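S.K.: entry-v9.pdb is reproduced in full below (PDB, C-alpha atoms).
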ATOM      1  CA  MET A   1      11.061  61.668 -63.209
ATOM      2  CA  ILE A   2      11.292  58.598 -60.973
ATOM      3  CA  HIS A   3      13.485  58.960 -57.902
ATOM      4  CA  TRP A   4      14.962  55.447 -57.639
ATOM      5  CA  PRO A   5      16.644  55.725 -54.225
ATOM      6  CA  LYS A   6      13.381  56.901 -52.546
ATOM      7  CA  LEU A   7      11.313  54.237 -54.335
ATOM      8  CA  TRP A   8      13.864  51.558 -53.496
ATOM      9  CA  GLY A   9      13.919  52.618 -49.843
ATOM     10  CA  LYS A  10      10.129  52.739 -49.675
ATOM     11  CA  HIS A  11       9.724  49.211 -51.052
ATOM     12  CA  LEU A  12      12.695  47.849 -49.159
ATOM     13  CA  ALA A  13      11.082  48.882 -45.842
ATOM     14  CA  ILE A  14       8.291  46.324 -46.266
ATOM     15  CA  PRO A  15      10.459  43.169 -46.364
ATOM     16  CA  VAL A  16      12.684  44.584 -43.633
ATOM     17  CA  VAL A  17       9.686  45.121 -41.311
ATOM     18  CA  LEU A  18       8.317  41.656 -42.114
ATOM     19  CA  ALA A  19      11.707  40.126 -41.475
ATOM     20  CA  GLY A  20      11.917  41.949 -38.174
ATOM     21  CA  ILE A  21       8.506  40.656 -37.105
ATOM     22  CA  ALA A  22       9.411  37.097 -38.087
ATOM     23  CA  GLY A  23      12.695  37.400 -36.244
ATOM     24  CA  GLY A  24      10.918  38.693 -33.149
ATOM     25  CA  LEU A  25       8.516  35.739 -33.192
ATOM     26  CA  ALA A  26      11.307  33.274 -33.747
ATOM     27  CA  LEU A  27      13.478  34.664 -30.956
ATOM     28  CA  PRO A  28      11.384  33.401 -28.013
ATOM     29  CA  ALA A  29      11.163  29.969 -29.605
ATOM     30  CA  ALA A  30      14.928  29.938 -30.020
ATOM     31  CA  ARG A  31      15.385  30.976 -26.402
ATOM     32  CA  ALA A  32      12.939  28.270 -25.263
ATOM     33  CA  ALA A  33      14.886  25.727 -27.249
ATOM     34  CA  ASP A  34      18.094  26.932 -25.625
ATOM     35  CA  ALA A  35      16.473  26.722 -22.187
ATOM     36  CA  ASP A  36      15.484  23.099 -22.794
ATOM     37  CA  SER A  37      18.936  22.159 -23.999
ATOM     38  CA  PRO A  38      21.111  20.359 -21.417
ATOM     39  CA  PRO A  39      24.081  22.321 -20.049
ATOM     40  CA  PRO A  40      27.500  21.478 -21.463
ATOM     41  CA  ALA A  41      28.950  18.360 -19.891
ATOM     42  CA  SER A  42      31.491  19.160 -17.198
ATOM     43  CA  ALA A  43      32.796  17.775 -13.946
ATOM     44  CA  GLU A  44      30.473  20.018 -11.951
ATOM     45  CA  VAL A  45      27.171  19.722 -13.844
ATOM     46  CA  ALA A  46      25.691  16.386 -14.920
ATOM     47  CA  PRO A  47      22.820  16.226 -17.397
ATOM     48  CA  ALA A  48      19.455  15.631 -15.729
ATOM     49  CA  PRO A  49      17.896  12.184 -16.320
ATOM     50  CA  ALA A  50      15.209  12.121 -18.963
ATOM     51  CA  PRO A  51      11.681  11.750 -17.526
ATOM     52  CA  ALA A  52       9.697   8.633 -18.334
ATOM     53  CA  PRO A  53       7.785   9.235 -21.544
ATOM     54  CA  THR A  54       4.021   9.515 -21.291
ATOM     55  CA  PRO A  55       2.294   7.330 -23.893
ATOM     56  CA  ALA A  56       0.532   9.286 -26.608
ATOM     57  CA  SER A  57      -3.252   9.367 -26.300
ATOM     58  CA  THR A  58      -5.121   6.989 -28.590
ATOM     59  CA  GLY A  59      -8.506   8.584 -27.949
ATOM     60  CA  ASN A  60      -9.630   5.427 -26.127
ATOM     61  CA  ILE A  61     -10.070   6.179 -22.396
ATOM     62  CA  PHE A  62      -9.604   2.570 -21.279
ATOM     63  CA  GLY A  63      -6.744   1.939 -23.680
ATOM     64  CA  ASP A  64      -4.920   5.082 -22.532
ATOM     65  CA  TYR A  65      -5.456   4.154 -18.871
ATOM     66  CA  PHE A  66      -3.805   0.745 -19.201
ATOM     67  CA  ALA A  67      -1.066   2.049 -21.514
ATOM     68  CA  ASP A  68      -0.114   4.522 -18.763
ATOM     69  CA  TRP A  69      -0.151   1.901 -15.981
ATOM     70  CA  ASP A  70       3.607   1.372 -15.571
ATOM     71  CA  ARG A  71       4.339   5.102 -15.458
ATOM     72  CA  ARG A  72       1.605   5.643 -12.869
ATOM     73  CA  VAL A  73       2.902   2.832 -10.630
ATOM     74  CA  ALA A  74       6.490   4.086 -10.870
ATOM     75  CA  ALA A  75       5.422   7.644 -10.003
ATOM     76  CA  ALA A  76       3.374   6.461  -6.997
ATOM     77  CA  ARG A  77       6.288   4.433  -5.641
ATOM     78  CA  ALA A  78       8.792   7.243  -6.198
ATOM     79  CA  SER A  79       6.763   9.643  -4.027
ATOM     80  CA  GLN A  80       6.735   7.422  -0.908
ATOM     81  CA  PRO A  81       9.277   5.500   1.222
ATOM     82  CA  GLU A  82      10.599   2.087   0.173
ATOM     83  CA  TRP A  83      10.019   0.295   3.466
ATOM     84  CA  SER A  84       9.038  -3.328   3.913
ATOM     85  CA  SER A  85       5.470  -4.118   4.977
ATOM     86  CA  PRO A  86       5.420  -5.623   8.498
ATOM     87  CA  VAL A  87       4.349  -9.219   9.084
ATOM     88  CA  VAL A  88       0.931  -8.343  10.596
ATOM     89  CA  THR A  89       0.439  -4.556  10.504
ATOM     90  CA  THR A  90      -0.963  -3.317   7.192
ATOM     91  CA  THR A  91       1.300  -0.706   5.607
ATOM     92  CA  ALA A  92       0.058   2.766   4.656
ATOM     93  CA  MET A  93       2.216   2.677   1.510
ATOM     94  CA  LEU A  94       0.687   1.973  -1.876
ATOM     95  CA  GLU A  95       1.592  -1.517  -3.042
ATOM     96  CA  GLN A  96       1.283  -3.503  -6.253
ATOM     97  CA  ARG A  97       1.804  -7.151  -5.457
ATOM     98  CA  PHE A  98       0.365 -10.589  -4.785
ATOM     99  CA  ARG A  99       0.460 -11.607  -1.105
ATOM    100  CA  PHE A 100      -0.265 -14.945   0.562
ATOM    101  CA  ASP A 101      -0.049 -15.482   4.347
ATOM    102  CA  THR A 102      -0.507 -18.545   6.539
ATOM    103  CA  ALA A 103      -1.109 -18.496  10.302
ATOM    104  CA  PHE A 104      -0.810 -21.483  12.663
ATOM    105  CA  GLN A 105      -2.835 -20.582  15.767
ATOM    106  CA  HIS A 106      -3.176 -22.365  19.111
ATOM    107  CA  ALA A 107      -5.950 -21.350  21.534
ATOM    108  CA  GLY A 108      -6.142 -21.823  25.284
ATOM    109  CA  ASN A 109      -8.972 -24.382  24.904
ATOM    110  CA  GLY A 110      -6.646 -26.642  22.905
ATOM    111  CA  ALA A 111      -7.961 -25.707  19.458
ATOM    112  CA  ASP A 112      -5.443 -25.555  16.632
ATOM    113  CA  THR A 113      -6.334 -23.502  13.555
ATOM    114  CA  ILE A 114      -4.540 -23.146  10.243
ATOM    115  CA  ASP A 115      -5.623 -19.903   8.548
ATOM    116  CA  LEU A 116      -4.719 -20.000   4.855
ATOM    117  CA  ASP A 117      -4.327 -16.595   3.191
ATOM    118  CA  GLY A 118      -5.767 -14.498   6.039
ATOM    119  CA  GLY A 119      -7.778 -12.330   3.651
ATOM    120  CA  LYS A 120      -4.815 -11.164   1.573
ATOM    121  CA  GLY A 121      -4.743 -11.185  -2.234
ATOM    122  CA  VAL A 122      -3.807  -8.849  -5.071
ATOM    123  CA  ASP A 123      -2.985  -5.171  -4.439
ATOM    124  CA  LEU A 124      -3.088  -2.838  -7.463
ATOM    125  CA  ILE A 125      -2.048   0.814  -7.765
ATOM    126  CA  VAL A 126      -4.893   2.224  -9.851
ATOM    127  CA  GLY A 127      -4.266   5.965  -9.443
ATOM    128  CA  ASP A 128      -1.551   8.420  -8.488
ATOM    129  CA  ALA A 129      -2.556   8.032  -4.821
ATOM    130  CA  THR A 130      -5.050   5.125  -4.927
ATOM    131  CA  GLU A 131      -4.712   1.385  -4.377
ATOM    132  CA  VAL A 132      -7.312  -1.377  -4.415
ATOM    133  CA  GLN A 133      -7.085  -4.873  -3.000
ATOM    134  CA  ILE A 134      -9.017  -7.837  -4.331
ATOM    135  CA  ALA A 135      -8.705 -10.440  -1.599
ATOM    136  CA  ALA A 136      -9.220 -14.163  -1.404
ATOM    137  CA  ALA A 137     -11.478 -15.699   1.254
ATOM    138  CA  PRO A 138      -9.494 -17.151   4.190
ATOM    139  CA  TYR A 139      -9.695 -20.936   4.489
ATOM    140  CA  TYR A 140      -9.700 -22.516   7.978
ATOM    141  CA  VAL A 141      -8.671 -25.961   9.170
ATOM    142  CA  ARG A 142      -9.512 -26.281  12.885
ATOM    143  CA  THR A 143      -9.207 -29.184  15.281
ATOM    144  CA  THR A 144     -10.506 -28.950  18.863
ATOM    145  CA  PRO A 145     -10.235 -31.769  21.426
ATOM    146  CA  GLY A 146     -13.623 -33.428  21.950
ATOM    147  CA  LYS A 147     -15.264 -31.589  19.046
ATOM    148  CA  ALA A 148     -15.753 -32.211  15.337
ATOM    149  CA  ASP A 149     -13.113 -30.754  13.028
ATOM    150  CA  ILE A 150     -14.021 -27.581  11.133
ATOM    151  CA  THR A 151     -12.798 -27.096   7.583
ATOM    152  CA  GLY A 152     -14.009 -24.387   5.223
ATOM    153  CA  PHE A 153     -13.998 -20.742   4.218
ATOM    154  CA  ASN A 154     -14.430 -17.934   6.731
ATOM    155  CA  ASP A 155     -16.102 -14.586   5.940
ATOM    156  CA  TRP A 156     -14.597 -12.894   2.889
ATOM    157  CA  PRO A 157     -12.958  -9.412   3.113
ATOM    158  CA  PHE A 158     -13.290  -9.203  -0.637
ATOM    159  CA  PHE A 159     -12.483  -5.557  -1.465
ATOM    160  CA  ARG A 160     -10.415  -2.708  -0.046
ATOM    161  CA  ILE A 161      -9.778   0.788  -1.387
ATOM    162  CA  LYS A 162      -6.865   2.820  -0.014
ATOM    163  CA  GLU A 163      -6.223   6.539  -0.548
ATOM    164  CA  ARG A 164      -2.791   7.938   0.281
ATOM    165  CA  LEU A 165      -3.152  11.404   1.837
ATOM    166  CA  PHE A 166       0.458  12.474   2.437
ATOM    167  CA  SER A 167       3.811  10.937   1.638
ATOM    168  CA  SER A 168       7.468  11.731   1.099
ATOM    169  CA  PRO A 169      10.350   9.487  -0.051
ATOM    170  CA  GLU A 170      13.186   8.444   2.242
ATOM    171  CA  ASP A 171      15.593  11.143   1.026
ATOM    172  CA  ALA A 172      13.077  13.846   2.054
ATOM    173  CA  GLY A 173      10.495  13.664   4.871
ATOM    174  CA  ASP A 174      10.350   9.840   4.955
ATOM    175  CA  TYR A 175       6.685   9.446   5.946
ATOM    176  CA  VAL A 176       3.299   8.264   4.701
ATOM    177  CA  VAL A 177      -0.338   8.665   5.833
ATOM    178  CA  SER A 178      -3.277   6.838   4.220
ATOM    179  CA  VAL A 179      -6.896   5.895   4.869
ATOM    180  CA  TRP A 180      -8.767   2.862   3.584
ATOM    181  CA  LEU A 181     -12.045   1.023   3.781
ATOM    182  CA  GLN A 182     -12.385  -2.741   3.547
ATOM    183  CA  THR A 183     -15.643  -4.603   3.117
ATOM    184  CA  GLN A 184     -16.281  -8.130   4.381
ATOM    185  CA  ALA A 185     -19.109 -10.373   3.226
ATOM    186  CA  ALA A 186     -20.737 -13.054   5.403
ATOM    187  CA  THR A 187     -19.878 -15.898   3.051
ATOM    188  CA  GLY A 188     -18.202 -18.257   5.536
ATOM    189  CA  ILE A 189     -19.478 -21.668   6.496
ATOM    190  CA  TYR A 190     -22.123 -21.735   9.251
ATOM    191  CA  THR A 191     -19.712 -22.556  12.104
ATOM    192  CA  LEU A 192     -17.370 -19.670  11.194
ATOM    193  CA  THR A 193     -19.466 -16.827   9.763
ATOM    194  CA  ASN A 194     -20.697 -13.898  11.873
ATOM    195  CA  HIS A 195     -23.777 -13.630   9.588
ATOM    196  CA  ALA A 196     -23.242  -9.896   8.968
ATOM    197  CA  PHE A 197     -21.765  -7.667   6.275
ATOM    198  CA  THR A 198     -18.854  -5.833   7.964
ATOM    199  CA  LEU A 199     -17.030  -2.546   7.354
ATOM    200  CA  LEU A 200     -13.382  -2.027   8.343
ATOM    201  CA  PRO A 201     -12.366   1.678   8.118
ATOM    202  CA  THR A 202      -8.685   2.310   8.961
ATOM    203  CA  LEU A 203      -6.114   5.073   9.270
ATOM    204  CA  GLY A 204      -2.539   4.030   8.460
ATOM    205  CA  PHE A 205       0.693   5.921   9.019
ATOM    206  CA  GLY A 206       4.463   5.548   9.049
ATOM    207  CA  LYS A 207       7.623   7.555   9.761
ATOM    208  CA  GLY A 208      11.243   6.717   9.144
ATOM    209  CA  PHE A 209      14.222   7.858  11.191
ATOM    210  CA  GLY A 210      17.132   6.639   9.103
ATOM    211  CA  PRO A 211      17.154   2.809   9.330
ATOM    212  CA  PHE A 212      14.533   2.844  12.145
ATOM    213  CA  ILE A 213      10.898   2.837  10.976
ATOM    214  CA  ILE A 214       7.569   3.007  12.805
ATOM    215  CA  GLN A 215       4.426   1.897  10.989
ATOM    216  CA  GLY A 216       0.955   1.733  12.474
ATOM    217  CA  THR A 217      -2.800   1.522  11.977
ATOM    218  CA  LEU A 218      -5.922   2.458  13.910
ATOM    219  CA  GLY A 219      -9.260   1.192  12.705
ATOM    220  CA  GLY A 220     -12.612  -0.370  13.427
ATOM    221  CA  VAL A 221     -14.523  -3.583  12.752
ATOM    222  CA  ILE A 222     -18.178  -2.611  12.400
ATOM    223  CA  PRO A 223     -20.892  -5.171  11.536
ATOM    224  CA  THR A 224     -23.814  -3.559   9.737
ATOM    225  CA  THR A 225     -26.382  -5.779  11.499
ATOM    226  CA  ASP A 226     -26.733  -7.571  14.866
ATOM    227  CA  GLN A 227     -24.645  -4.943  16.693
ATOM    228  CA  ASN A 228     -25.968  -6.034  20.114
ATOM    229  CA  THR A 229     -25.060  -9.661  19.483
ATOM    230  CA  LEU A 230     -21.768  -9.262  17.657
ATOM    231  CA  GLY A 231     -20.440  -5.974  19.006
ATOM    232  CA  SER A 232     -17.786  -3.842  17.301
ATOM    233  CA  GLN A 233     -14.024  -3.643  17.676
ATOM    234  CA  VAL A 234     -11.363  -0.957  17.734
ATOM    235  CA  ALA A 235      -8.026  -2.333  16.541
ATOM    236  CA  GLY A 236      -4.590  -0.758  16.670
ATOM    237  CA  ASN A 237      -1.180  -1.954  15.515
ATOM    238  CA  LEU A 238       2.340  -0.569  15.881
ATOM    239  CA  ALA A 239       5.350  -2.079  14.139
ATOM    240  CA  PHE A 240       8.902  -1.075  15.063
ATOM    241  CA  GLN A 241      11.346  -2.057  12.312
ATOM    242  CA  TYR A 242      15.079  -1.756  11.700
ATOM    243  CA  HIS A 243      16.617  -1.985   8.240
ATOM    244  CA  LEU A 244      19.931  -3.833   7.876
ATOM    245  CA  TRP A 245      22.021  -5.029   4.907
ATOM    246  CA  GLN A 246      19.513  -3.953   2.247
ATOM    247  CA  VAL A 247      17.171  -6.967   2.618
ATOM    248  CA  PHE A 248      16.945  -7.638   6.386
ATOM    249  CA  TRP A 249      14.003  -6.136   8.366
ATOM    250  CA  PRO A 250      13.793  -7.320  12.008
ATOM    251  CA  GLN A 251      10.715  -6.032  13.820
ATOM    252  CA  LEU A 252       8.533  -6.017  16.928
ATOM    253  CA  GLU A 253       4.785  -5.439  16.619
ATOM    254  CA  VAL A 254       2.102  -4.638  19.181
ATOM    255  CA  ASN A 255      -1.385  -5.757  18.090
ATOM    256  CA  TRP A 256      -4.296  -4.503  20.234
ATOM    257  CA  THR A 257      -8.070  -5.039  20.048
ATOM    258  CA  HIS A 258     -10.771  -3.435  22.209
ATOM    259  CA  TYR A 259     -14.286  -4.930  22.150
ATOM    260  CA  ILE A 260     -17.385  -2.723  22.266
ATOM    261  CA  GLY A 261     -20.681  -4.522  22.847
ATOM    262  CA  GLY A 262     -21.277  -8.208  22.256
ATOM    263  CA  PRO A 263     -20.094 -11.047  24.530
ATOM    264  CA  ARG A 264     -16.581  -9.532  25.012
ATOM    265  CA  ASP A 265     -17.793  -5.996  25.755
ATOM    266  CA  GLY A 266     -15.177  -3.824  27.461
ATOM    267  CA  ARG A 267     -12.374  -6.392  27.162
ATOM    268  CA  ASP A 268      -8.952  -5.862  25.577
ATOM    269  CA  GLN A 269      -6.687  -8.301  23.771
ATOM    270  CA  VAL A 270      -2.976  -7.607  23.203
ATOM    271  CA  PHE A 271      -0.389  -9.576  21.218
ATOM    272  CA  LEU A 272       3.348  -9.026  20.886
ATOM    273  CA  THR A 273       4.777 -10.146  17.542
ATOM    274  CA  PRO A 274       8.553 -10.343  17.096
ATOM    275  CA  GLY A 275       9.470 -11.215  13.530
ATOM    276  CA  VAL A 276      11.615 -10.582  10.510
ATOM    277  CA  VAL A 277      11.066  -9.877   6.818
ATOM    278  CA  PHE A 278      13.607 -10.602   4.054
ATOM    279  CA  GLY A 279      13.483  -8.810   0.704
ATOM    280  CA  LYS A 280      13.044  -7.561  -1.858
ATOM    281  CA  PHE A 281      14.888 -10.127  -3.997
ATOM    282  CA  SER A 282      14.830  -9.616  -7.774
ATOM    283  CA  VAL A 283      13.275 -12.444  -9.759
ATOM    284  CA  THR A 284      13.228 -10.480 -13.032
ATOM    285  CA  ASP A 285      13.700  -6.799 -13.804
ATOM    286  CA  ARG A 286      10.113  -6.241 -12.689
ATOM    287  CA  LEU A 287       9.258  -9.050 -10.257
ATOM    288  CA  LYS A 288      10.587  -8.947  -6.694
ATOM    289  CA  PHE A 289      10.080 -11.575  -3.987
ATOM    290  CA  THR A 290       9.740 -10.988  -0.220
ATOM    291  CA  PHE A 291       9.121 -13.424   2.628
ATOM    292  CA  GLY A 292       9.020 -13.291   6.405
ATOM    293  CA  ALA A 293       7.694 -14.779   9.622
ATOM    294  CA  GLY A 294       6.540 -13.686  13.056
ATOM    295  CA  TYR A 295       5.540 -15.259  16.364
ATOM    296  CA  GLN A 296       2.423 -13.802  17.998
ATOM    297  CA  LEU A 297       2.121 -14.194  21.767
ATOM    298  CA  ALA A 298      -0.948 -13.096  23.750
ATOM    299  CA  VAL A 299       0.013 -10.970  26.753
ATOM    300  CA  GLU A 300      -3.463  -9.727  27.731
ATOM    301  CA  PRO A 301      -5.861 -10.985  29.067
ATOM    302  CA  LYS A 302      -5.356 -14.186  31.006
ATOM    303  CA  TYR A 303      -7.093 -17.169  29.459
ATOM    304  CA  GLN A 304     -10.854 -17.470  29.955
ATOM    305  CA  PRO A 305     -12.909 -20.210  28.283
ATOM    306  CA  SER A 306     -16.233 -18.385  27.741
ATOM    307  CA  PRO A 307     -16.300 -16.157  25.897
ATOM    308  CA  LEU A 308     -12.935 -17.362  24.662
ATOM    309  CA  LEU A 309     -10.212 -14.789  25.336
ATOM    310  CA  PRO A 310      -7.652 -14.323  24.043
ATOM    311  CA  THR A 311      -9.051 -15.668  20.778
ATOM    312  CA  TYR A 312      -5.812 -17.671  20.490
ATOM    313  CA  ASN A 313      -2.819 -17.982  22.786
ATOM    314  CA  HIS A 314      -0.030 -17.907  20.244
ATOM    315  CA  SER A 315       0.455 -18.084  16.487
ATOM    316  CA  VAL A 316       3.192 -18.487  13.911
ATOM    317  CA  VAL A 317       2.583 -16.248  10.868
ATOM    318  CA  VAL A 318       4.366 -16.839   7.557
ATOM    319  CA  THR A 319       4.092 -14.214   4.816
ATOM    320  CA  THR A 320       5.095 -14.233   1.126
ATOM    321  CA  ARG A 321       4.799 -11.346  -1.359
ATOM    322  CA  LEU A 322       5.515 -11.013  -5.067
ATOM    323  CA  THR A 323       5.804  -7.373  -6.144
ATOM    324  CA  PHE A 324       5.303  -6.446  -9.796
TER     325      PHE A 324
END
Turn the structure described in the file into structure tokens.
M.R.:
Amino acid sequence: MIHWPKLWGKHLAIPVVLAGIAGGLALPAARAADADSPPPASAEVAPAPAPAPTPASTGNIFGDYFADWDRRVAAARASQPEWSSPVVTTTAMLEQRFRFDTAFQHAGNGADTIDLDGGKGVDLIVGDATEVQIAAAPYYVRTTPGKADITGFNDWPFFRIKERLFSSPEDAGDYVVSVWLQTQAATGIYTLTNHAFTLLPTLGFGKGFGPFIIQGTLGGVIPTTDQNTLGSQVAGNLAFQYHLWQVFWPQLEVNWTHYIGGPRDGRDQVFLTPGVVFGKFSVTDRLKFTFGAGYQLAVEPKYQPSPLLPTYNHSVVVTTRLTF
């Protein structure tokens, strides 16, 4: 005789157990979904902003790299201060922009030099903490009393790679520290070139104290050949800036060079550079324009004709940048 209640209970246990297992597996997923859900809107709790979407991988390494460019640039900028680059001192921040500078220099021997571009160019943020610069060769127009005019390209600081080591945005630590290496090729005309491939390693740093910012660099100029003839240089810059009215950046810079070896061995050259930068002004949603100017005045040493020191007595520097 078949005992229906026992048989029914025996067979009913199987779907109940399976249902329990399925429910147990589904429960964590349901809890995860609840955890990802935004809290109910209220006066006290605002929903968190959605993160920028990461483009889906296409399987093409180069295609994925360029598709992710905008997100990478935005993330790099968000993790550092939003200061303005000084007129002369190179900033330690990562930048993505086109920059063009012009300097109008007057030397103690009467020479006047127009330096077009000054070795600036295009800066690109190519990694989460990496920037490269592809520079243009500076073009000189020089007139000296009693001598033939000189017009042509100077040596070309064609490539720079910068690695940001530490940084924090303005609402946190408000600082940045970076290192970079620039390479300069001896491509200038005969009367301007130093005839040597040159390395320019540099440490850059900056710290903000509310609207007051200090930015600086310490680096070297090291020719790879003819050290005894050319000598090397140690160069330091400090820029003291104050931020007013969103787009106004008055500043005072100290620009120092110490010569090691060569005809200026043991000598120092110091400039003071008061100036101001205006920006950033929006051109489009993405493009922003900045411009500024500074007046460099040599304060050390006193003029000497040979070897010429300071290399120029005073200079007006005009800078323009287009950030993208």
S.K.: Taking only C-alpha atoms into account, name the residue in A:Arg321, A:Gln241, A:Phe98, A:Leu309 that is nearest to A:Phe289.
M.R.: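 Closest residue, counting only C-alpha atoms: A:Arg321.
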S.K.: Within 8 Å of stretch 219-233 of chain A, which residues of stretch 82-199 of chain A come that close, and what is the closest atom pair and distance in Å for each? Count all atoms listed in the file and give it as a Markdown table.
M.R.:
| residue | atom | partner | partner_atom | distance |
| --- | --- | --- | --- | --- |
| A:Asn194 | CA | A:Leu230 | CA | 7.5 |
| A:Ala196 | CA | A:Thr225 | CA | 5.8 |
| A:Phe197 | CA | A:Thr224 | CA | 5.7 |
| A:Thr198 | CA | A:Pro223 | CA | 4.2 |
| A:Leu199 | CA | A:Ile222 | CA | 5.2 |
S.K.: My list of candidates is A:Pro274, A:Gly206, A:Gly279, A:Gly262. Which is closest to A:Gln246 when distances are computed with all atoms listed in the file?
M.R.: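 Nearest candidate to A:Gln246 out of A:Pro274, A:Gly206, A:Gly279, A:Gly262: A:Gly279.
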S.K.: Which residues are near stretch 294-300 of chain A? Cut-off 8 Å, only C-alpha atoms, ignore same chain within fewer than 2 positions. Put them as an mmCIF file with C-alpha atoms, keeping the file's coordinate frame.
M.R.:
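For reference, result_1.cif as written:
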data_model
loop_
_atom_site.group_PDB
_atom_site.id
_atom_site.type_symbol
_atom_site.label_atom_id
_atom_site.label_comp_id
_atom_site.auth_asym_id
_atom_site.auth_seq_id
_atom_site.Cartn_x
_atom_site.Cartn_y
_atom_site.Cartn_z
ATOM 1 C CA VAL A 87 4.349 -9.219 9.084
ATOM 2 C CA ASP A 268 -8.952 -5.862 25.577
ATOM 3 C CA GLN A 269 -6.687 -8.301 23.771
ATOM 4 C CA VAL A 270 -2.976 -7.607 23.203
ATOM 5 C CA PHE A 271 -0.389 -9.576 21.218
ATOM 6 C CA LEU A 272 3.348 -9.026 20.886
ATOM 7 C CA THR A 273 4.777 -10.146 17.542
ATOM 8 C CA PRO A 274 8.553 -10.343 17.096
ATOM 9 C CA GLY A 275 9.470 -11.215 13.530
ATOM 10 C CA VAL A 276 11.615 -10.582 10.510
ATOM 11 C CA GLY A 292 9.020 -13.291 6.405
ATOM 12 C CA LYS A 302 -5.356 -14.186 31.006
ATOM 13 C CA PRO A 310 -7.652 -14.323 24.043
ATOM 14 C CA TYR A 312 -5.812 -17.671 20.490
ATOM 15 C CA ASN A 313 -2.819 -17.982 22.786
ATOM 16 C CA HIS A 314 -0.030 -17.907 20.244
ATOM 17 C CA SER A 315 0.455 -18.084 16.487
ATOM 18 C CA VAL A 316 3.192 -18.487 13.911
ATOM 19 C CA VAL A 317 2.583 -16.248 10.868
ATOM 20 C CA VAL A 318 4.366 -16.839 7.557
#
S.K.: What's the separation between atom CA of A:Phe100 and atom CA of A:Thr144, in Å to one decimal place?
M.R.: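 Answer for the atom CA of A:Phe100 to atom CA of A:Thr144 separation: 25.2 Å.
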S.K.: Suppose you want the space between atom CA of A:Ala103 and atom CA of A:Phe159; what is it in Å?
M.R.: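 Computed distance, atom CA of A:Ala103 to atom CA of A:Phe159, equals 20.9 Å.
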S.K.: In Å, how far is it from atom CA of A:Gly119 to atom CA of A:Leu308?
M.R.: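 If I compute the distance from atom CA of A:Gly119 to atom CA of A:Leu308, I get 22.2 Å.
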S.K.: Rank nothing, just name the residue among A:Thr319, A:Thr257, A:Thr311, A:Thr130 nearest to A:Ala107, using only C-alpha atoms.
M.R.: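 Once distances to A:Ala107 are computed over only C-alpha atoms, the minimum belongs to A:Thr311.
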S.K.: Give me the residues within 8 Å of A:Gln80 as a list of chain:residue names, counting all atoms listed in the file and dropping any in the same chain fewer than 3 places off.
M.R.: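 After dropping sequence-adjacent residues, the list is A:Ala76, A:Arg77, A:Met93, A:Ser167, A:Ser168, A:Pro169, A:Glu170, A:Asp174, A:Tyr175, A:Val176.
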S.K.: For the residues in the current selection, export C-alpha atoms as a CSV table (one decimal), keeping the file's coordinate frame.
M.R.:
chain,number,residue,atom,x,y,z
A,76,ALA,CA,3.4,6.5,-7.0
A,77,ARG,CA,6.3,4.4,-5.6
A,93,MET,CA,2.2,2.7,1.5
A,167,SER,CA,3.8,10.9,1.6
A,168,SER,CA,7.5,11.7,1.1
A,169,PRO,CA,10.4,9.5,-0.1
A,170,GLU,CA,13.2,8.4,2.2
A,174,ASP,CA,10.4,9.8,5.0
A,175,TYR,CA,6.7,9.4,5.9
A,176,VAL,CA,3.3,8.3,4.7
S.K.: Which of these residues is nearest to A:Glu82, using all atoms listed in the file: A:Val122, A:Leu94, A:Asp155, A:Gly127?
M.R.: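 Checking each candidate against A:Glu82, we get A:Leu94 as the closest.
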S.K.: Please list as a ChimeraX atom specification every residue within 7 Å of A:Leu181, counting only C-alpha atoms and excluding residues in the same chain fewer than 5 positions away.
M.R.: /A:160-162,200-202
